[in-house]
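Data first, discussion second: the structure below is written as structure tokens.
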Amino acid sequence: MPHPHVNVISDMEDVSKLIDIIYESKISYVRSNLSIHLHESQIKLLKNVHKHSKKHHRNVRVRQYAKISEDDNHFKMHSKLFLKSYEKLARKNLVEILDVDDLSYDVVLTEYGEEILSEIKKLESEWAEIADCNLEELRKVALNTFEITYKFKKNQKFQF
């Protein structure tokens, strides 16, 4: 007898709910097979550390940081919140928090963090095989929607 949700999902018309189910499946697969316990937000943050360490992304962060005024409470609040999250990753030896001249701080992956990120990517690839995703269709959806995120982040002055 099939799982009762099979029929519900088979008849589902709500795209957002389907996307949520797919994302939840991916993150559940990764978390249940990862060699270290990480919360969903920590996995996302670890990926962002890697992304933001790329030269182009770091240059954008430096430019944006230079534009921020000393009394920007919004930035200070977010900076402290992110720092606390980074400190949790640092306690697991996944990242190192650095004092730098051109930013309030910088975060880089440790060797162990690189290993865990590689493991996450491998698990995501395994999940994609299991999910039998149509890469071309997903790429089309991503191309149709990425500007929504970009415009939002730009309106937030890249402070998130």
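Letters for chains follow the order of the structure tokens (A, B, ...), residue numbers begin at 1 for each chain, and ligand numbers begin at 1 in the order shown.
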Checklist entry - Skipping near chain neighbours, those fewer than 5 positions away, what residues fall within 9 Å of stretch 15-27 of chain A using only C-alpha atoms, listed as number ranges by chain? => result A: 9, 32, 40, 43, 123-124, 127-128, 131
Residue subset to file, keeping C-alpha atoms, as a JSON list (two decimals), in the first residue's frame:
```
[["chain", "number", "residue", "atom", "x", "y", "z"],
["A", 9, "ILE", "CA", 1.31, 15.07, -3.79],
["A", 32, "SER", "CA", 20.68, 12.37, 7.80],
["A", 40, "GLU", "CA", 19.78, 23.49, 8.01],
["A", 43, "ILE", "CA", 24.62, 24.15, 6.08],
["A", 123, "LEU", "CA", 25.30, 14.09, -0.74],
["A", 124, "GLU", "CA", 23.37, 16.69, -2.75],
["A", 127, "TRP", "CA", 20.04, 13.12, -3.69],
["A", 128, "ALA", "CA", 19.68, 14.59, -7.20],
["A", 131, "ALA", "CA", 15.20, 12.49, -7.13]]
```
Next on the checklist: Neighbouring residues of A:Leu94 were defined as those with any atom within 8 Å, considering only C-alpha atoms; residues of the same chain fewer than 3 positions away were excluded. Please report them as a PyMOL selection string.
Outcome noted: chain A and resi 46+89-91+109-114+116
Checklist entry - Got a sec: who's within 12 Å of A:Lys84, counting only C-alpha atoms, leaving out chain neighbours fewer than 5 positions off, as a count of residues only? => result 10
Checklist entry - Which of chain A counts as helix (DSSP H, G or I) under DSSP, as a PyMOL selection string please? => result chain A and resi 4-10+15-33+40-52+55-67+73-91+111-131+135-155
Checklist entry - Residues of stretch 55-107 of chain A in strand (DSSP E) according to DSSP, as a PyMOL selection string? => result chain A and resi 95-98+106-107
Next on the checklist: What's around stretch 57-71 of chain A at 7 Å? Count only C-alpha atoms, leave out sequence neighbours fewer than 5 positions away in its own chain, and write the answer as a count of residues only.
Outcome noted: 3
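Compared by their closest atoms to A:Phe82, and using only C-alpha atoms, the residues A:Ser53, A:Asn134, A:Ser104, A:Ser35 rank with A:Ser104 nearest.
Atom pair atom CA of A:Glu87 / atom CA of A:Leu38: separated by 13.6 Å.
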